[in-house]
Amino acid sequence: MDFALSPEQDMLRDSARRYLANDFAARRRGGEAADGARWRDYADLGWIALLGPEDAGGLGGEIEDVLILAEEMGCALSLQPYVASAILAIGLVDLVAGGQQRLDILGEMTSGERRFAPALYEPGRRYMLAPELRAAASGAGYRLSGAKTLVVGGAGADGMLASARLDDGAVGLFLVPMDNAGVFVTPYALIDDGGAIDARFDQADLGPDALLGIVSVDAIDDVLDEARLAQCADALGALERAIEITAEYLKTRTQFGQPLANFQALQHSVVEMYIEADSIRSSLYNAIAAFDRGGREERRRAVSSCWVKTFDAAKGIAGMAVHLHGGIGMTTEYPVGHYLRRIMVSERSFGDVEHHLARYMDLAS
Amino acid sequence: MRLAFSSEDEAFRAEVRAFLVAELPPEIARREAMGFHNKRATVHPWQQKLHARGWAAPNWPAEFGGTGWSSIQRYIFELECGLANAPEYSLIAMSMAGPVLCRFGSSALRHEFLEPMLRGDYWFCQGFSEPQAGSDLASLRTRAVRDGDDYVITGQKIWTTDAHMADYMICLARTDTEVKPQAGLSMIIMPMDAPGVTVRPIDTIDGDAHVNEVFIEDVRVPAHYLIGDPNSGWAQAKFLLGHERTHNAYLGMLRRYLSRIPQLIDGETGRGLPELEAKEYRRRHARLAIDVDALEWSVLRVLAGTEGPALGAAASAISIRGAAYLLRAADLEMAILGPQVVPRFAPGDMGVLAGGAPPAAAGRTTQYLYWWAATIFGGSDEIQRNIIWSTMFR
């Protein structure tokens, strides 16, 4: 049992902390979300290649490395779609594509040249992964009809990685350029200031190369588990920072002639937040251990367990952080409320608490 | 980062399991599983079996007859014993008084006490709390005054677990009244059969008998029974309380609950529990299992020693969560059994129970009520929160 970070992991954390320190300030100036240059920075820092396979320009890193980064991104309120466009997108392409196409696309992604947004969810189907988007054979290629929703990071992406049902019922993963004829994109902002798109496919014709490969829904779910764990780590980083900010605030804010931090009721509220957040960290370790051991069922259980643990508590912690600030916590100018808004998006990104509790229980029995 | 037990640890786990299967008497395990406190007479043979195996004292250094196990091995042993419904022989002797004697005791004291403790012959109680010194332990008033070759102890202890069946008390007493409260304390071994010691049991709401008042009137104790240097009792008490930082996670007990609750639900669905309610209980069980998994990794983090300055806070958080989860587990069992838990069952009850309740019903309410004590002893939840605040945020 060894929980210590390696020297390389320490360096990764430090460099991420340094680079991301200005994210919230940049966003307040309105610059961060739209800034494609930041994505290329991520690539230059090696963050996008981190989990990528070594034969295709990736670093073949471990899940812990990605979780370290995700924590720092949550802490910094970063709006880059790292979980979707790096972890999930690379995982999907690596899983589904083959031969030269796989190497080419992964190479472009890890170098930051091109960024793709996974499009797995559909309107009216909550977190179901079996797609209703139809990909009918058409000439040498395919004709797509249907819709995708909540494609995080879709705005500014070079394409979508869309799951669709083929004529024979199998599920295929398609790389769809955003400007493809017949693809109609509606961008919108999310609660946390991030962005997503809805995409309607109205007889969108694609060439044969657009189909990266056939994939099972189970295999997509496995790739999602890495993204889910990163989302939990992101939330943990966000929560720990929110707690830190809150404790600092209580020490500096004076009422009734003394710092708020002198009041035991407030101290114990912060302590409860700490206990809950620290349990999330333990749950994350439980999941990492399950990843290391490698069994699929066990891994799924541990990921769903971590999701329930994280997001059962997360809104309560972040909301309490707002509450303990009083009025200033409600303002957009002050960072603490942004953690609450971030959690509200994260907690329903790749399934929600009830979804994962059900998955956990199905696997347990 | 390597989040796995080593193959040596896994082999050790298998060894412990095999031992428990072969050696733990079913009758002792049954009583333990019911949730009633095992009595001295029933636990003694178990301690002798552990002693014969060389496993009597997991928390002592090997040179004094301890096992010399790593913290992870101790954790595995404790967890497996919990899962197997093995009772704990005098926790206070083996996990508190023993380690203090090993660390601070004179060789004469070690010689006199350690071997009988290993055999399970000496039962200990811990005399810390007093009527006016609960959370504020340093304000305790019991005095020990040197008189020739003796100390004369006078005062009163309360909430003294096992005092009614103990041979000795490790008594925290004031030996210097001129210095600040923490600096004037000493730890001294007091024979419970000495003239002047009166033990009065306290009836507690759980219906089991385990805590007492102890009245100490001019009790003479040989001076060499004082452990270590005079007035060093506070440091020894802190060592003692810190020795088993992760014990209050109650992981063995929680795993026990988690493993039997699904069967309890299944059994009751055949006895009138509606499926809709059973579903809700299964969800509560799953949520508890998720929380206990996380708690287990919190314990492992502490045992691995990588917490650094957060160690104290981590241990306090574990104690708060352990007690809270026990209450949830016990409450869930009562909920599943419904009205069948209302009769007051006694430790001897088995077979046909009042109201036609299944055997599992006995002990449920006793355990639930007892776990409220877990939110109090070893430092109340509020004291633990104070510790966390001052460790992490002050």
# chains A, B, ... in the order shown; residues from 1 in each chain; ligands from 1
call {"tool": "closest_atom_pairs", "arguments": {"of": "segment 240-341 of chain A", "to": "segment 14-26 of chain A", "cutoff": "10 Å", "atoms": "only C-alpha atoms", "output": "JSON lines"}}
result
{"residue": "A:Glu333", "atom": "CA", "partner": "A:Ala25", "partner_atom": "CA", "distance": 10.0}
{"residue": "A:Tyr334", "atom": "CA", "partner": "A:Phe24", "partner_atom": "CA", "distance": 9.9}
{"residue": "A:Pro335", "atom": "CA", "partner": "A:Phe24", "partner_atom": "CA", "distance": 7.7}
{"residue": "A:His338", "atom": "CA", "partner": "A:Phe24", "partner_atom": "CA", "distance": 9.5}
call {"tool": "interface_residues", "arguments": {"of": "chain A", "to": "chain B", "cutoff": "10 Å", "atoms": "only C-alpha atoms", "output": "number ranges by chain"}}
result
A: 1-6, 9, 64, 243-244, 247-248, 251, 261-262, 264, 267-272, 274-276, 278-293, 301-302, 304-309, 312, 354, 357-358, 360-361, 364-365
call {"tool": "atom_distance", "arguments": {"atom1": "atom CA of Asp147 of chain B", "atom2": "atom CA of Leu226 of chain B"}}
result
13.0 Å
call {"tool": "atom_distance", "arguments": {"atom1": "atom CA of Met320 of chain A", "atom2": "atom CA of Ala238 of chain A"}}
result
13.4 Å
call {"tool": "residues_around", "arguments": {"residues": "segment 138-140 of chain A", "least_positions_apart": "3", "cutoff": "7 Å", "atoms": "only C-alpha atoms", "output": "MDAnalysis selection string"}}
result
chainID A and resid 143 207:208
call {"tool": "write_last_selection", "arguments": {"atoms": "N, CA and C atoms", "output": "PDB file, in the first residue's frame"}}
result
ATOM      1  N   ARG A 143     -25.796   7.587 -44.494  1.00  0.00           N
ATOM      2  CA  ARG A 143     -26.667   8.754 -44.374  1.00  0.00           C
ATOM      3  C   ARG A 143     -27.216   8.769 -42.949  1.00  0.00           C
ATOM      4  N   GLY A 207     -18.876   9.973 -46.012  1.00  0.00           N
ATOM      5  CA  GLY A 207     -18.114   9.000 -46.787  1.00  0.00           C
ATOM      6  C   GLY A 207     -17.859   7.734 -45.983  1.00  0.00           C
ATOM      7  N   PRO A 208     -17.378   6.692 -46.627  1.00  0.00           N
ATOM      8  CA  PRO A 208     -17.123   5.421 -45.932  1.00  0.00           C
ATOM      9  C   PRO A 208     -16.100   5.561 -44.808  1.00  0.00           C
TER      10      PRO A 208
END
call {"tool": "atom_distance", "arguments": {"atom1": "atom CA of Thr186 of chain A", "atom2": "atom CA of Arg200 of chain A"}}
result
8.4 Å
call {"tool": "closest_residue", "arguments": {"among": "A:Gly172, A:Pro53, A:Gly36, A:Gly316", "to": "Leu129 of chain A", "atoms": "only C-alpha atoms"}}
result
A:Gly172
call {"tool": "closest_residue", "arguments": {"among": "B:Thr204, B:Ala209, B:Ile188, B:Ala11", "to": "Pro222 of chain B", "atoms": "only C-alpha atoms"}}
result
B:Ile188
call {"tool": "closest_residue", "arguments": {"among": "B:Cys81, B:Val211, B:Leu24, B:Ala14", "to": "Gln48 of chain B", "atoms": "only C-alpha atoms"}}
result
B:Leu24
call {"tool": "select_by_dssp", "arguments": {"residues": "segment 61-182 of chain A", "states": "helix (DSSP H, G or I)", "output": "PyMOL selection string"}}
result
chain A and resi 63-76+82-96+99-110
call {"tool": "write_last_selection", "arguments": {"atoms": "C-alpha atoms", "output": "PDB file, in the first residue's frame"}}
result
ATOM      1  CA  ILE A  63      -5.177   6.678 -14.632  1.00  0.00           C
ATOM      2  CA  GLU A  64      -3.690   8.364 -11.534  1.00  0.00           C
ATOM      3  CA  ASP A  65      -1.859  10.866 -13.743  1.00  0.00           C
ATOM      4  CA  VAL A  66      -5.070  11.950 -15.400  1.00  0.00           C
ATOM      5  CA  LEU A  67      -6.836  12.196 -12.064  1.00  0.00           C
ATOM      6  CA  ILE A  68      -4.129  14.510 -10.758  1.00  0.00           C
ATOM      7  CA  LEU A  69      -4.708  16.800 -13.723  1.00  0.00           C
ATOM      8  CA  ALA A  70      -8.482  16.596 -13.409  1.00  0.00           C
ATOM      9  CA  GLU A  71      -8.286  17.594  -9.754  1.00  0.00           C
ATOM     10  CA  GLU A  72      -6.231  20.636 -10.637  1.00  0.00           C
ATOM     11  CA  MET A  73      -8.656  21.583 -13.407  1.00  0.00           C
ATOM     12  CA  GLY A  74     -11.575  21.386 -11.003  1.00  0.00           C
ATOM     13  CA  CYS A  75      -9.652  23.416  -8.461  1.00  0.00           C
ATOM     14  CA  ALA A  76      -8.891  26.084 -11.086  1.00  0.00           C
ATOM     15  CA  TYR A  82     -10.544  18.033 -21.054  1.00  0.00           C
ATOM     16  CA  VAL A  83     -12.582  15.070 -19.834  1.00  0.00           C
ATOM     17  CA  ALA A  84     -14.713  14.960 -23.001  1.00  0.00           C
ATOM     18  CA  SER A  85     -12.241  15.891 -25.724  1.00  0.00           C
ATOM     19  CA  ALA A  86      -9.082  14.353 -24.295  1.00  0.00           C
ATOM     20  CA  ILE A  87      -9.876  11.402 -22.045  1.00  0.00           C
ATOM     21  CA  LEU A  88     -13.133  10.238 -23.583  1.00  0.00           C
ATOM     22  CA  ALA A  89     -12.417  11.125 -27.221  1.00  0.00           C
ATOM     23  CA  ILE A  90      -8.976   9.519 -27.251  1.00  0.00           C
ATOM     24  CA  GLY A  91     -10.307   6.465 -25.454  1.00  0.00           C
ATOM     25  CA  LEU A  92     -13.087   6.050 -28.006  1.00  0.00           C
ATOM     26  CA  VAL A  93     -10.879   6.459 -31.070  1.00  0.00           C
ATOM     27  CA  ASP A  94      -8.252   4.135 -29.635  1.00  0.00           C
ATOM     28  CA  LEU A  95     -10.943   1.566 -28.971  1.00  0.00           C
ATOM     29  CA  VAL A  96     -12.842   1.764 -32.225  1.00  0.00           C
ATOM     30  CA  GLY A  99      -4.901   0.731 -38.841  1.00  0.00           C
ATOM     31  CA  GLN A 100      -3.530   3.946 -40.277  1.00  0.00           C
ATOM     32  CA  GLN A 101      -6.752   5.845 -39.585  1.00  0.00           C
ATOM     33  CA  ARG A 102      -6.374   5.209 -35.859  1.00  0.00           C
ATOM     34  CA  LEU A 103      -2.765   6.378 -35.865  1.00  0.00           C
ATOM     35  CA  ASP A 104      -3.587   9.488 -37.909  1.00  0.00           C
ATOM     36  CA  ILE A 105      -6.520  10.642 -35.825  1.00  0.00           C
ATOM     37  CA  LEU A 106      -4.863   9.905 -32.486  1.00  0.00           C
ATOM     38  CA  GLY A 107      -1.754  11.736 -33.692  1.00  0.00           C
ATOM     39  CA  GLU A 108      -3.765  14.821 -34.572  1.00  0.00           C
ATOM     40  CA  MET A 109      -5.591  14.715 -31.270  1.00  0.00           C
ATOM     41  CA  THR A 110      -2.601  14.242 -29.006  1.00  0.00           C
TER      42      THR A 110
END
call {"tool": "closest_residue", "arguments": {"among": "B:Arg143, B:Arg103, B:Arg271, B:Arg31", "to": "Gly228 of chain B", "atoms": "only C-alpha atoms"}}
result
B:Arg103
call {"tool": "residues_around", "arguments": {"residues": "Ala189 of chain A", "least_positions_apart": "4", "cutoff": "12 Å", "atoms": "only C-alpha atoms", "output": "list of chain:residue names"}}
result
A:Ala33, A:Ala34, A:Leu79, A:Leu150, A:Val151, A:Val152, A:Gly153, A:Gly154, A:Ala155, A:Asp193, A:Gly194, A:Gly195, A:Ala196, A:Ile197, A:Asp198, A:Val345
call {"tool": "write_last_selection", "arguments": {"atoms": "N, CA and C atoms", "output": "PDB file, in the first residue's frame"}}
result
ATOM      1  N   ALA A  33     -12.888  30.413 -22.338  1.00  0.00           N
ATOM      2  CA  ALA A  33     -13.623  29.327 -22.983  1.00  0.00           C
ATOM      3  C   ALA A  33     -13.341  29.253 -24.482  1.00  0.00           C
ATOM      4  N   ALA A  34     -13.278  30.409 -25.124  1.00  0.00           N
ATOM      5  CA  ALA A  34     -13.180  30.417 -26.574  1.00  0.00           C
ATOM      6  C   ALA A  34     -11.751  30.253 -27.062  1.00  0.00           C
ATOM      7  N   LEU A  79     -12.319  25.661 -17.924  1.00  0.00           N
ATOM      8  CA  LEU A  79     -13.475  25.366 -18.781  1.00  0.00           C
ATOM      9  C   LEU A  79     -13.101  24.585 -20.036  1.00  0.00           C
ATOM     10  N   LEU A 150     -26.361  17.637 -25.710  1.00  0.00           N
ATOM     11  CA  LEU A 150     -25.368  17.884 -24.660  1.00  0.00           C
ATOM     12  C   LEU A 150     -23.967  17.408 -25.058  1.00  0.00           C
ATOM     13  N   VAL A 151     -23.586  17.785 -26.275  1.00  0.00           N
ATOM     14  CA  VAL A 151     -22.243  17.454 -26.741  1.00  0.00           C
ATOM     15  C   VAL A 151     -21.295  18.503 -26.161  1.00  0.00           C
ATOM     16  N   VAL A 152     -20.666  18.132 -25.043  1.00  0.00           N
ATOM     17  CA  VAL A 152     -19.819  19.099 -24.324  1.00  0.00           C
ATOM     18  C   VAL A 152     -18.582  19.416 -25.157  1.00  0.00           C
ATOM     19  N   GLY A 153     -18.250  20.702 -25.224  1.00  0.00           N
ATOM     20  CA  GLY A 153     -17.089  21.113 -26.003  1.00  0.00           C
ATOM     21  C   GLY A 153     -17.339  21.080 -27.502  1.00  0.00           C
ATOM     22  N   GLY A 154     -18.595  20.948 -27.906  1.00  0.00           N
ATOM     23  CA  GLY A 154     -18.917  20.861 -29.335  1.00  0.00           C
ATOM     24  C   GLY A 154     -18.586  22.145 -30.087  1.00  0.00           C
ATOM     25  N   ALA A 155     -18.805  23.289 -29.421  1.00  0.00           N
ATOM     26  CA  ALA A 155     -18.490  24.557 -30.077  1.00  0.00           C
ATOM     27  C   ALA A 155     -16.973  24.670 -30.210  1.00  0.00           C
ATOM     28  N   ASP A 193     -20.841  28.008 -17.178  1.00  0.00           N
ATOM     29  CA  ASP A 193     -20.172  28.873 -18.165  1.00  0.00           C
ATOM     30  C   ASP A 193     -19.460  28.082 -19.252  1.00  0.00           C
ATOM     31  N   GLY A 194     -19.438  26.768 -19.146  1.00  0.00           N
ATOM     32  CA  GLY A 194     -18.919  25.959 -20.240  1.00  0.00           C
ATOM     33  C   GLY A 194     -19.940  25.931 -21.368  1.00  0.00           C
ATOM     34  N   GLY A 195     -19.592  25.226 -22.441  1.00  0.00           N
ATOM     35  CA  GLY A 195     -20.502  25.204 -23.576  1.00  0.00           C
ATOM     36  C   GLY A 195     -20.770  23.804 -24.074  1.00  0.00           C
ATOM     37  N   ALA A 196     -21.918  23.642 -24.730  1.00  0.00           N
ATOM     38  CA  ALA A 196     -22.253  22.377 -25.369  1.00  0.00           C
ATOM     39  C   ALA A 196     -23.049  22.694 -26.634  1.00  0.00           C
ATOM     40  N   ILE A 197     -23.305  21.657 -27.410  1.00  0.00           N
ATOM     41  CA  ILE A 197     -24.150  21.842 -28.582  1.00  0.00           C
ATOM     42  C   ILE A 197     -25.172  20.715 -28.651  1.00  0.00           C
ATOM     43  N   ASP A 198     -26.273  21.007 -29.315  1.00  0.00           N
ATOM     44  CA  ASP A 198     -27.156  19.959 -29.797  1.00  0.00           C
ATOM     45  C   ASP A 198     -26.884  19.826 -31.291  1.00  0.00           C
ATOM     46  N   VAL A 345     -23.242  20.761 -13.133  1.00  0.00           N
ATOM     47  CA  VAL A 345     -23.069  20.199 -14.481  1.00  0.00           C
ATOM     48  C   VAL A 345     -22.417  18.816 -14.382  1.00  0.00           C
TER      49      VAL A 345
END
call {"tool": "select_by_dssp", "arguments": {"residues": "segment 75-257 of chain B", "states": "strand (DSSP E or B)", "output": "ChimeraX atom specification"}}
result
/B:124-127,130,133,143-147,150-158,168-174,185-191,197-201,212-222,226
call {"tool": "closest_residue", "arguments": {"among": "B:Tyr370, B:Met165, B:Ala84, B:Ala354", "to": "Val21 of chain B", "atoms": "only C-alpha atoms"}}
result
B:Ala84
